[in-house]
file my_file.txt (compact mmCIF, C-alpha atoms)
# COMPACT_ATOMS: atom_id res chain seq x y z
CA MET I 1 18.20 0.63 -18.95
CA LYS I 2 15.86 2.86 -16.98
CA VAL I 3 13.33 1.05 -14.80
CA ASN I 4 9.99 1.93 -13.27
CA LEU I 5 10.62 1.69 -9.53
CA ASP I 6 6.91 1.09 -8.83
CA THR I 7 6.33 -1.87 -11.15
CA PHE I 8 9.79 -2.94 -12.43
CA GLN I 9 7.95 -3.80 -15.61
CA GLN I 10 11.22 -3.77 -17.55
CA ILE I 11 12.48 -6.73 -15.49
CA ASN I 12 11.44 -10.26 -16.48
CA LYS I 13 13.78 -12.39 -14.40
CA PRO I 14 14.62 -12.50 -10.66
CA VAL I 15 16.75 -9.57 -9.48
CA TYR I 16 17.63 -8.08 -6.11
CA VAL I 17 17.28 -4.37 -6.89
CA LEU I 18 19.17 -1.94 -4.67
CA GLU I 19 18.13 1.72 -5.00
CA GLU I 20 21.13 4.01 -4.63
CA GLN I 21 19.05 6.95 -3.42
CA ARG I 22 17.56 4.93 -0.57
CA LEU I 23 21.01 3.62 0.37
CA ARG I 24 22.44 7.14 0.44
CA ASN I 25 19.53 8.30 2.58
CA ASN I 26 20.40 5.64 5.17
CA LEU I 27 24.10 6.39 5.01
CA SER I 28 23.50 10.11 5.47
CA LEU I 29 21.36 9.53 8.54
CA ILE I 30 23.82 7.06 10.07
CA SER I 31 26.83 9.31 9.47
CA GLU I 32 24.96 12.24 11.04
CA VAL I 33 24.16 10.15 14.13
CA ALA I 34 27.85 9.20 14.39
CA ARG I 35 28.94 12.82 14.03
CA THR I 36 26.39 14.21 16.50
CA GLY I 37 26.92 11.43 19.02
CA GLY I 38 30.70 11.57 18.74
CA ILE I 39 31.02 7.85 18.03
CA ASP I 40 32.02 5.48 15.23
CA ILE I 41 29.27 3.58 13.39
CA ILE I 42 30.62 0.84 11.16
CA LEU I 43 29.06 -1.65 8.75
CA ALA I 44 28.47 -5.24 9.88
CA PHE I 45 29.08 -7.54 6.92
CA LYS I 46 26.87 -10.27 8.38
CA ALA I 47 23.83 -8.27 7.25
CA TYR I 48 25.13 -6.55 4.13
CA ALA I 49 28.30 -7.23 2.12
CA LEU I 50 27.69 -6.09 -1.47
CA TRP I 51 31.27 -5.07 -2.08
CA LYS I 52 30.63 -3.39 -5.40
CA THR I 53 28.71 -0.71 -3.49
CA PHE I 54 31.57 -0.02 -1.07
CA PRO I 55 32.70 3.11 -2.99
CA ILE I 56 29.37 4.65 -1.96
CA PHE I 57 29.81 3.55 1.66
CA ARG I 58 33.30 5.03 1.88
CA GLU I 59 31.81 8.48 1.29
CA TYR I 60 30.05 8.16 4.66
CA ILE I 61 31.82 5.65 6.95
CA ARG I 62 35.39 4.58 7.61
CA ALA I 63 35.33 0.97 8.77
CA THR I 64 33.52 -2.35 8.88
CA THR I 65 33.09 -5.32 11.16
CA ALA I 66 33.89 -8.95 10.33
CA SER I 67 33.11 -12.33 11.84
CA SER I 68 35.38 -14.57 9.78
CA LEU I 69 38.57 -14.63 7.75
CA SER I 70 36.72 -14.04 4.49
CA GLU I 71 34.88 -11.04 5.91
CA ALA I 72 38.11 -9.65 7.36
CA LYS I 73 39.76 -9.97 3.95
CA LEU I 74 36.74 -8.30 2.35
CA ALA I 75 37.22 -5.37 4.72
CA LEU I 76 40.90 -4.96 3.93
CA LEU I 77 40.94 -5.81 0.23
CA GLU I 78 37.61 -4.40 -0.94
CA PHE I 79 36.56 -1.77 1.61
CA GLY I 80 40.11 -0.55 2.05
CA SER I 81 40.45 -0.55 5.83
CA LYS I 82 41.16 -3.16 8.46
CA ALA I 83 38.20 -4.81 10.16
CA HIS I 84 36.82 -4.79 13.67
CA THR I 85 36.71 -8.56 14.00
CA PHE I 86 34.82 -10.87 16.33
CA SER I 87 34.43 -14.63 16.09
CA PRO I 88 32.88 -17.15 18.48
CA ALA I 89 36.09 -19.16 18.08
CA TYR I 90 39.28 -18.47 16.16
CA THR I 91 41.29 -21.34 14.67
CA ASP I 92 44.99 -22.13 14.49
CA TYR I 93 44.97 -22.13 10.70
CA GLU I 94 43.30 -18.70 10.30
CA ILE I 95 44.18 -16.58 13.33
CA ASP I 96 47.38 -15.05 11.91
CA GLU I 97 45.76 -13.89 8.68
CA ILE I 98 42.71 -12.61 10.55
CA ALA I 99 44.99 -10.58 12.82
CA HIS I 100 46.78 -9.13 9.79
CA CYS I 101 43.43 -7.97 8.34
CA SER I 102 42.09 -6.50 11.59
CA SER I 103 42.47 -3.23 13.46
CA HIS I 104 40.43 -4.53 16.42
CA LEU I 105 40.02 -8.16 17.42
CA THR I 106 37.55 -9.31 20.06
CA PHE I 107 37.81 -12.65 21.83
CA ASN I 108 34.65 -14.51 22.78
CA SER I 109 36.15 -16.18 25.84
CA LEU I 110 39.04 -15.87 28.24
CA SER I 111 40.35 -19.24 27.08
CA GLN I 112 40.53 -18.01 23.47
CA TYR I 113 42.31 -14.90 24.73
CA GLN I 114 44.88 -16.98 26.61
CA ARG I 115 45.44 -19.20 23.60
CA TYR I 116 45.90 -16.53 20.97
CA HIS I 117 46.58 -13.04 22.32
CA GLN I 118 50.36 -13.21 22.05
CA ARG I 119 50.20 -14.76 18.61
CA VAL I 120 47.78 -12.06 17.44
CA ARG I 121 50.06 -9.29 18.61
CA GLN I 122 53.01 -10.95 16.91
CA ALA I 123 51.05 -10.96 13.65
CA ASN I 124 49.91 -7.35 14.08
CA SER I 125 51.64 -5.23 16.70
CA GLU I 126 49.17 -2.34 16.27
CA ILE I 127 46.01 -4.37 16.81
CA SER I 128 43.63 -3.49 19.67
CA LEU I 129 42.28 -6.46 21.61
CA GLY I 130 38.91 -6.78 23.29
CA ILE I 131 36.71 -9.29 25.06
CA ARG I 132 33.03 -9.92 24.43
CA ILE I 133 30.86 -9.45 27.50
CA ASN I 134 27.46 -10.94 28.26
CA PRO I 135 25.13 -8.58 30.16
CA GLU I 136 22.68 -11.46 30.67
CA TYR I 137 19.89 -9.21 29.44
CA SER I 138 18.22 -8.92 26.05
CA GLU I 139 14.76 -8.03 24.80
CA ILE I 140 15.08 -10.14 21.66
CA GLU I 141 11.97 -12.32 21.58
CA THR I 142 13.12 -14.90 19.01
CA ASP I 143 15.50 -17.34 20.69
CA LEU I 144 17.25 -18.06 17.40
CA TYR I 145 18.61 -14.50 17.48
CA ASN I 146 19.07 -14.03 21.24
CA PRO I 147 22.77 -14.11 22.23
CA CYS I 148 21.98 -13.68 25.93
CA ALA I 149 19.64 -16.64 26.37
CA PRO I 150 20.60 -19.08 29.15
CA GLY I 151 23.33 -21.41 27.96
CA THR I 152 24.55 -18.93 25.36
CA ARG I 153 27.89 -19.55 23.69
CA PHE I 154 28.52 -15.81 23.38
CA GLY I 155 30.58 -13.66 25.72
CA VAL I 156 31.89 -13.59 29.26
CA SER I 157 29.55 -12.80 32.16
CA ALA I 158 30.66 -10.38 34.88
CA ASP I 159 31.17 -13.10 37.47
CA LYS I 160 33.86 -14.71 35.27
CA LEU I 161 35.99 -11.61 34.64
CA PRO I 162 39.07 -11.01 36.81
CA GLU I 163 39.11 -7.86 38.91
CA ILE I 164 42.13 -6.64 36.96
CA LEU I 165 41.87 -7.20 33.23
CA PRO I 166 44.88 -8.48 31.27
CA GLU I 167 46.94 -5.43 30.34
CA ASP I 168 46.47 -5.87 26.58
CA ILE I 169 42.65 -6.01 26.75
CA GLU I 170 41.65 -2.54 25.58
CA GLY I 171 37.94 -2.91 24.89
CA PHE I 172 34.60 -4.56 25.56
CA HIS I 173 32.23 -5.78 22.89
CA CYS I 174 28.55 -6.34 23.69
CA HIS I 175 25.89 -7.45 21.22
CA CYS I 176 22.36 -8.13 22.44
CA HIS I 177 19.99 -6.31 20.04
CA CYS I 178 18.09 -7.32 16.92
CA GLU I 179 16.32 -4.57 14.94
CA ASN I 180 15.58 -2.78 18.23
CA GLY I 181 14.86 0.85 19.08
CA SER I 182 16.83 3.28 21.22
CA ASP I 183 14.44 2.68 24.13
CA VAL I 184 15.64 -0.93 24.24
CA PHE I 185 19.24 0.26 24.10
CA GLN I 186 18.55 2.59 27.03
CA ARG I 187 17.20 -0.25 29.17
CA THR I 188 19.99 -2.60 28.10
CA LEU I 189 22.68 -0.06 28.86
CA THR I 190 21.51 0.05 32.48
CA HIS I 191 22.31 -3.65 32.79
CA ILE I 192 25.66 -3.25 31.03
CA GLU I 193 26.70 -0.48 33.38
CA ASP I 194 25.44 -2.28 36.48
CA LYS I 195 27.49 -5.36 35.69
CA PHE I 196 30.59 -4.00 33.94
CA ALA I 197 31.14 -0.30 34.76
CA LYS I 198 33.76 -1.11 37.37
CA TRP I 199 36.05 -2.27 34.54
CA PHE I 200 35.46 0.79 32.34
CA PRO I 201 38.49 2.70 33.73
CA GLN I 202 40.68 -0.18 32.55
CA ILE I 203 39.61 -0.10 28.87
CA LYS I 204 39.75 2.38 25.97
CA TRP I 205 36.72 1.47 23.87
CA ILE I 206 33.34 -0.20 24.05
CA ASN I 207 31.48 -1.66 21.08
CA PHE I 208 27.71 -1.85 21.56
CA GLY I 209 27.30 -4.21 18.62
CA GLY I 210 24.54 -4.29 16.07
CA GLY I 211 20.77 -4.44 16.00
CA HIS I 212 20.33 -0.67 16.45
CA LEU I 213 17.76 -0.02 13.73
CA MET I 214 18.25 3.73 13.54
CA THR I 215 16.99 4.03 9.95
CA ARG I 216 13.53 2.69 10.80
CA LYS I 217 10.91 5.46 10.60
CA ASP I 218 9.78 5.15 14.23
CA TYR I 219 13.31 4.97 15.69
CA ASP I 220 13.85 7.67 18.32
CA ILE I 221 17.13 9.21 17.17
CA PRO I 222 17.08 12.15 19.64
CA LEU I 223 16.88 9.62 22.47
CA LEU I 224 19.85 7.72 21.04
CA ILE I 225 21.90 10.92 20.83
CA GLN I 226 20.98 11.77 24.42
CA ILE I 227 21.95 8.28 25.61
CA LEU I 228 25.31 8.52 23.86
CA THR I 229 25.97 12.06 25.12
CA ASP I 230 25.19 11.10 28.71
CA PHE I 231 27.32 7.96 28.48
CA LYS I 232 30.32 9.86 27.12
CA LYS I 233 30.03 12.44 29.92
CA LYS I 234 30.15 9.66 32.51
CA TYR I 235 32.97 7.76 30.81
CA PRO I 236 35.04 10.26 28.80
CA ASN I 237 37.89 7.76 28.50
CA LEU I 238 35.78 5.39 26.38
CA HIS I 239 35.52 5.55 22.62
CA VAL I 240 32.09 4.24 21.58
CA ILE I 241 31.48 2.04 18.55
CA MET I 242 28.25 0.70 17.06
CA GLU I 243 28.12 -1.82 14.24
CA PRO I 244 24.61 -2.19 12.82
CA GLY I 245 24.00 -4.16 9.66
CA SER I 246 20.29 -4.02 8.95
CA ALA I 247 20.21 -0.25 9.53
CA PHE I 248 22.40 0.30 6.47
CA GLY I 249 20.35 -1.89 4.13
CA TRP I 250 16.93 -1.19 5.67
CA GLN I 251 14.25 -0.53 3.01
CA THR I 252 16.87 0.04 0.33
CA GLY I 253 15.54 -2.39 -2.24
CA SER I 254 13.40 -5.30 -3.34
CA LEU I 255 13.54 -8.80 -4.73
CA VAL I 256 11.69 -8.76 -8.03
CA SER I 257 10.34 -12.18 -9.06
CA GLN I 258 7.82 -13.54 -11.54
CA VAL I 259 4.88 -15.95 -11.46
CA VAL I 260 5.71 -19.07 -13.49
CA ASP I 261 2.68 -21.21 -12.66
CA VAL I 262 -0.47 -21.33 -10.54
CA VAL I 263 -1.52 -24.68 -9.07
CA GLU I 264 -4.47 -25.60 -6.88
CA ASP I 265 -5.09 -28.42 -4.42
CA LYS I 266 -8.03 -28.81 -2.03
CA GLY I 267 -9.10 -25.29 -2.87
CA ILE I 268 -5.69 -23.78 -2.02
CA LYS I 269 -4.10 -21.80 -4.82
CA THR I 270 -0.32 -21.50 -4.95
CA ALA I 271 1.48 -19.10 -7.23
CA ILE I 272 4.82 -20.73 -7.98
CA LEU I 273 7.60 -18.18 -8.44
CA ASN I 274 11.03 -18.29 -10.02
CA VAL I 275 12.60 -17.59 -6.62
CA SER I 276 12.75 -19.64 -3.46
CA PHE I 277 12.15 -18.80 0.19
CA THR I 278 14.63 -21.40 1.43
CA CYS I 279 17.29 -20.34 -1.10
CA HIS I 280 16.79 -16.62 -1.58
CA MET I 281 14.83 -15.38 1.47
CA PRO I 282 15.93 -17.81 4.21
CA ASP I 283 15.04 -15.58 7.18
CA CYS I 284 11.39 -15.81 6.14
CA LEU I 285 11.45 -19.48 7.12
CA GLU I 286 14.08 -19.29 9.87
CA MET I 287 12.68 -16.48 12.00
CA PRO I 288 9.96 -16.78 10.62
CA TYR I 289 8.34 -13.60 9.36
CA TRP I 290 5.98 -12.62 6.56
CA PRO I 291 7.73 -10.42 4.04
CA SER I 292 5.83 -7.49 2.61
CA VAL I 293 4.67 -8.06 -0.96
CA ARG I 294 3.93 -4.96 -3.01
CA ASN I 295 0.22 -4.43 -3.72
CA ALA I 296 -0.77 -7.45 -1.65
CA LYS I 297 -2.17 -7.91 1.85
CA VAL I 298 -0.89 -10.50 4.30
CA ILE I 299 -3.70 -12.71 5.62
CA GLU I 300 -2.63 -14.34 8.86
CA GLY I 301 -4.20 -17.35 10.53
CA GLY I 302 -4.02 -19.83 7.66
CA TYR I 303 -5.51 -20.08 4.20
CA ASP I 304 -9.13 -18.88 4.09
CA LYS I 305 -10.70 -20.22 0.90
CA SER I 306 -13.52 -17.69 1.07
CA ILE I 307 -11.19 -14.74 0.44
CA PRO I 308 -10.97 -13.79 -3.25
CA TYR I 309 -7.61 -13.61 -5.03
CA LEU I 310 -5.87 -15.34 -2.14
CA TYR I 311 -2.62 -17.18 -2.86
CA ARG I 312 0.15 -19.03 -1.22
CA LEU I 313 3.46 -17.98 -2.71
CA GLY I 314 5.60 -20.99 -3.51
CA GLY I 315 9.30 -21.27 -4.21
CA ASN I 316 10.74 -23.29 -7.06
CA SER I 317 12.88 -25.68 -5.02
CA CYS I 318 12.09 -29.32 -4.25
CA LEU I 319 11.64 -28.59 -0.53
CA SER I 320 7.99 -29.29 0.28
CA GLY I 321 7.88 -26.43 2.76
CA ASP I 322 9.28 -23.87 0.36
CA PHE I 323 6.17 -21.70 0.46
CA MET I 324 4.48 -19.11 2.64
CA GLU I 325 0.85 -18.18 3.10
CA SER I 326 -1.16 -16.18 2.50
CA TRP I 327 -1.44 -12.97 0.44
CA GLN I 328 -4.53 -11.37 -1.01
CA PHE I 329 -4.15 -9.54 -4.31
CA ASP I 330 -6.70 -7.33 -6.06
CA HIS I 331 -6.77 -9.49 -9.20
CA GLU I 332 -6.14 -12.96 -10.49
CA LEU I 333 -2.42 -13.54 -10.83
CA GLN I 334 -1.12 -14.05 -14.34
CA ILE I 335 1.83 -16.05 -15.58
CA GLY I 336 4.81 -13.74 -16.03
CA GLU I 337 3.66 -10.88 -13.82
CA ASN I 338 6.06 -9.45 -11.27
CA ILE I 339 5.79 -10.30 -7.58
CA ILE I 340 7.86 -7.76 -5.64
CA PHE I 341 9.15 -8.63 -2.18
CA GLU I 342 9.94 -5.45 -0.27
CA ASP I 343 13.03 -4.77 1.86
CA MET I 344 15.16 -7.67 0.66
CA LEU I 345 18.69 -6.26 0.71
CA HIS I 346 19.75 -7.00 4.31
CA TYR I 347 20.23 -10.56 5.56
CA THR I 348 19.37 -11.94 2.10
CA THR I 349 22.28 -11.80 -0.33
CA VAL I 350 24.63 -12.70 2.54
CA LYS I 351 22.61 -15.84 3.41
CA THR I 352 21.37 -17.17 0.09
CA ASN I 353 22.34 -20.60 -1.20
CA MET I 354 22.20 -22.67 -4.37
CA PHE I 355 20.21 -25.64 -3.12
CA ASN I 356 18.85 -27.60 -6.10
CA GLY I 357 21.04 -25.54 -8.41
CA ILE I 358 18.20 -23.06 -8.80
CA THR I 359 19.25 -20.02 -10.79
CA HIS I 360 20.18 -17.35 -8.29
CA PRO I 361 18.60 -13.89 -8.68
CA SER I 362 20.89 -11.32 -10.22
CA ILE I 363 22.02 -8.37 -8.11
CA GLY I 364 21.44 -4.89 -9.51
CA ILE I 365 21.52 -1.26 -8.47
CA VAL I 366 19.36 1.57 -9.74
CA HIS I 367 21.60 4.63 -9.82
CA LEU I 368 20.53 8.19 -9.12
CA ASN I 369 19.80 8.73 -12.82
CA GLY I 370 17.30 5.85 -12.87
CA GLU I 371 19.57 3.48 -14.79
CA LEU I 372 19.69 -0.17 -13.68
CA GLU I 373 23.18 -1.67 -13.53
CA ILE I 374 23.47 -5.42 -13.05
CA LEU I 375 26.32 -5.95 -10.60
CA LYS I 376 26.27 -9.73 -10.80
CA ASP I 377 24.57 -12.42 -12.88
CA PHE I 378 24.79 -15.98 -11.59
CA GLY I 379 25.16 -19.04 -13.77
CA TYR I 380 26.25 -22.65 -13.92
CA GLU I 381 29.85 -21.86 -13.04
CA ASP I 382 28.79 -20.26 -9.75
CA TYR I 383 26.79 -23.39 -8.86
CA ARG I 384 29.59 -25.73 -9.94
CA ASP I 385 32.20 -23.86 -7.94
CA ARG I 386 29.99 -24.01 -4.84
CA MET I 387 29.87 -27.79 -5.23
CA ASP I 388 33.67 -28.24 -5.33

call {"tool": "encode", "arguments": {"input": "my_file.txt", "output": "structure tokens"}}
result
Amino acid sequence: MKVNLDTFQQINKPVYVLEEQRLRNNLSLISEVARTGGIDIILAFKAYALWKTFPIFREYIRATTASSLSEAKLALLEFGSKAHTFSPAYTDYEIDEIAHCSSHLTFNSLSQYQRYHQRVRQANSEISLGIRINPEYSEIETDLYNPCAPGTRFGVSADKLPEILPEDIEGFHCHCHCENGSDVFQRTLTHIEDKFAKWFPQIKWINFGGGHLMTRKDYDIPLLIQILTDFKKKYPNLHVIMEPGSAFGWQTGSLVSQVVDVVEDKGIKTAILNVSFTCHMPDCLEMPYWPSVRNAKVIEGGYDKSIPYLYRLGGNSCLSGDFMESWQFDHELQIGENIIFEDMLHYTTVKTNMFNGITHPSIGIVHLNGELEILKDFGYEDYRDRMD
């Protein structure tokens, strides 16, 4: 059916709605950055892994990045190319299959390299091995997402690398961004070069990880291109890779939900929805951040009872804290009306859960002709199988 992209009035149950046009806009921009900068930009599954949309992705990019066996298999079996794989720690019972599914494999530590590098090359003689480095610098303000915080479990600092790298280490991987701009990348790159440039002649590629939010409206793309051009002039032997996740799914779609009840206690009104923050929008509670709600204004600083049409939005799980406050609407909310959470395609469907057995929102895509296709409906069998 055709849907109104402003109101989604044709939808009366929870659905993540991906808009194909918005996705293609992001993919076009990202592929142009890769072409102009002379680098590879690949999709990080940890932020977006809707495999039924991979035929669209393959029109613009060639590869993906994985952090587990299941993601590596998704790359090979569903995307159609081997993964650039990194894991904090590989295991004896998965390493061979991961190697088979990977074109590049990055070790998080020298001890993991020593334990597995020969075995990896036996499983896949064409694989390219790398080591994750820690530049000990990041501008990520939320510690939960900062891989360079003191005591980090990610990467090898410069003082722990040998002067001569093992001969089968061909690349460095560095990830220390989170939805950052190119100005942050510019400052971070100074630290990376200061600490690790002396090893650059010994490697073939460098992966600058994810968190480069190049599809955000205020992102300075010309600066990024200049940074990449200058870097490649200094180090022409290095092939550059970036692996954003959020940038691909940024502002590509919404979570459409409905009001199922309105309750009030001590003057605080809560609109209870048929979705859950803890189940279906976990980053809202983890980070935390206030999601944008269409046609509503976020009111920070707590619930102000004097503000008209002010509501907490409550999830439908049994977790007492499954709510967020507060949003002001321009009318009294009615049972059954749509509440539309903006920008809910990245770091949502990859992190959702079935706590309480709550019915999971469907996943749909609005194609270029305006038709909504439901890619996946969830039911009892999905919940049961998760409980095995």

call {"tool": "residues_around", "arguments": {"input": "my_file.txt", "residues": "Phe208 (chain I)", "least_positions_apart": "2", "cutoff": "10 Å", "atoms": "all atoms listed in the file", "output": "MDAnalysis selection string"}}
result
chainID I and resid 41 172:177 185 189 192 205:206 210:212 240:244

call {"tool": "atom_distance", "arguments": {"input": "my_file.txt", "atom1": "CA of Phe248 (chain I)", "atom2": "CA of Glu342 (chain I)"}}
result
15.3 Å

call {"tool": "residues_near_point", "arguments": {"input": "my_file.txt", "point": "(11.6, -1.8, -14.5)", "cutoff": "12 Å", "atoms": "only C-alpha atoms", "output": "JSON, numbers by chain"}}
result
{"I": [1, 2, 3, 4, 5, 6, 7, 8, 9, 10, 11, 12, 13, 14, 15, 17, 254, 256, 257, 338, 340, 364, 365, 366, 370, 371, 372, 373]}

call {"tool": "closest_residue", "arguments": {"input": "my_file.txt", "among": "I:Tyr289, I:Phe54, I:Phe154, I:Tyr137", "to": "Ala89 (chain I)", "atoms": "only C-alpha atoms"}}
result
I:Phe154

call {"tool": "atom_distance", "arguments": {"input": "my_file.txt", "atom1": "CA of Asp220 (chain I)", "atom2": "CA of Ala247 (chain I)"}}
result
13.4 Å

call {"tool": "residues_near_point", "arguments": {"input": "my_file.txt", "point": "(43.7, -18.7, 15.5)", "cutoff": "10 Å", "atoms": "all atoms listed in the file", "output": "ChimeraX atom specification"}}
result
/I:89-99,112,115-117,119-120

call {"tool": "atom_distance", "arguments": {"input": "my_file.txt", "atom1": "CA of Phe57 (chain I)", "atom2": "CA of Glu78 (chain I)"}}
result
11.4 Å

call {"tool": "decode", "arguments": {"input": "my_file.txt", "residues": "region 26-34 of chain I", "atoms": "all heavy atoms", "output": "JSON list (two decimals), in the first residue's frame"}}
result
[["chain", "number", "residue", "atom", "x", "y", "z"],
["I", 26, "ASN", "N", 21.94, 8.80, 1.00],
["I", 26, "ASN", "CA", 23.13, 8.57, 1.82],
["I", 26, "ASN", "C", 24.18, 7.76, 1.07],
["I", 26, "ASN", "O", 25.38, 8.06, 1.10],
["I", 26, "ASN", "CB", 22.75, 7.86, 3.11],
["I", 26, "ASN", "CG", 22.10, 8.77, 4.13],
["I", 26, "ASN", "OD1", 22.00, 9.98, 3.93],
["I", 26, "ASN", "ND2", 21.64, 8.20, 5.22],
["I", 27, "LEU", "N", 23.72, 6.70, 0.40],
["I", 27, "LEU", "CA", 24.65, 5.84, -0.32],
["I", 27, "LEU", "C", 25.35, 6.60, -1.44],
["I", 27, "LEU", "O", 26.55, 6.41, -1.68],
["I", 27, "LEU", "CB", 23.90, 4.63, -0.87],
["I", 27, "LEU", "CG", 23.51, 3.57, 0.15],
["I", 27, "LEU", "CD1", 22.45, 2.63, -0.42],
["I", 27, "LEU", "CD2", 24.73, 2.77, 0.59],
["I", 28, "SER", "N", 24.63, 7.46, -2.12],
["I", 28, "SER", "CA", 25.22, 8.24, -3.20],
["I", 28, "SER", "C", 26.30, 9.17, -2.67],
["I", 28, "SER", "O", 27.39, 9.29, -3.25],
["I", 28, "SER", "CB", 24.15, 9.06, -3.93],
["I", 28, "SER", "OG", 23.23, 8.22, -4.59],
["I", 29, "LEU", "N", 26.01, 9.82, -1.57],
["I", 29, "LEU", "CA", 26.99, 10.73, -0.97],
["I", 29, "LEU", "C", 28.23, 9.97, -0.52],
["I", 29, "LEU", "O", 29.37, 10.38, -0.79],
["I", 29, "LEU", "CB", 26.36, 11.48, 0.20],
["I", 29, "LEU", "CG", 27.19, 12.57, 0.87],
["I", 29, "LEU", "CD1", 26.27, 13.65, 1.45],
["I", 29, "LEU", "CD2", 28.08, 12.01, 1.98],
["I", 30, "ILE", "N", 28.02, 8.85, 0.17],
["I", 30, "ILE", "CA", 29.15, 8.07, 0.68],
["I", 30, "ILE", "C", 30.00, 7.52, -0.46],
["I", 30, "ILE", "O", 31.24, 7.56, -0.41],
["I", 30, "ILE", "CB", 28.63, 6.93, 1.58],
["I", 30, "ILE", "CG1", 28.08, 7.51, 2.89],
["I", 30, "ILE", "CG2", 29.74, 5.91, 1.87],
["I", 30, "ILE", "CD1", 27.30, 6.51, 3.74],
["I", 31, "SER", "N", 29.37, 7.03, -1.50],
["I", 31, "SER", "CA", 30.15, 6.48, -2.62],
["I", 31, "SER", "C", 30.93, 7.58, -3.35],
["I", 31, "SER", "O", 32.03, 7.34, -3.84],
["I", 31, "SER", "CB", 29.23, 5.75, -3.60],
["I", 31, "SER", "OG", 28.31, 6.63, -4.22],
["I", 32, "GLU", "N", 30.37, 8.80, -3.38],
["I", 32, "GLU", "CA", 31.08, 9.90, -4.01],
["I", 32, "GLU", "C", 32.29, 10.32, -3.17],
["I", 32, "GLU", "O", 33.35, 10.64, -3.70],
["I", 32, "GLU", "CB", 30.14, 11.08, -4.21],
["I", 32, "GLU", "CG", 30.79, 12.30, -4.87],
["I", 32, "GLU", "CD", 31.34, 12.02, -6.26],
["I", 32, "GLU", "OE1", 30.93, 11.02, -6.88],
["I", 32, "GLU", "OE2", 32.19, 12.82, -6.73],
["I", 33, "VAL", "N", 32.14, 10.31, -1.84],
["I", 33, "VAL", "CA", 33.28, 10.60, -0.96],
["I", 33, "VAL", "C", 34.38, 9.56, -1.18],
["I", 33, "VAL", "O", 35.57, 9.91, -1.28],
["I", 33, "VAL", "CB", 32.85, 10.62, 0.51],
["I", 33, "VAL", "CG1", 34.07, 10.68, 1.43],
["I", 33, "VAL", "CG2", 31.93, 11.81, 0.79],
["I", 34, "ALA", "N", 34.00, 8.29, -1.26],
["I", 34, "ALA", "CA", 34.98, 7.22, -1.48],
["I", 34, "ALA", "C", 35.70, 7.41, -2.82],
["I", 34, "ALA", "O", 36.93, 7.27, -2.90],
["I", 34, "ALA", "CB", 34.30, 5.86, -1.44]]
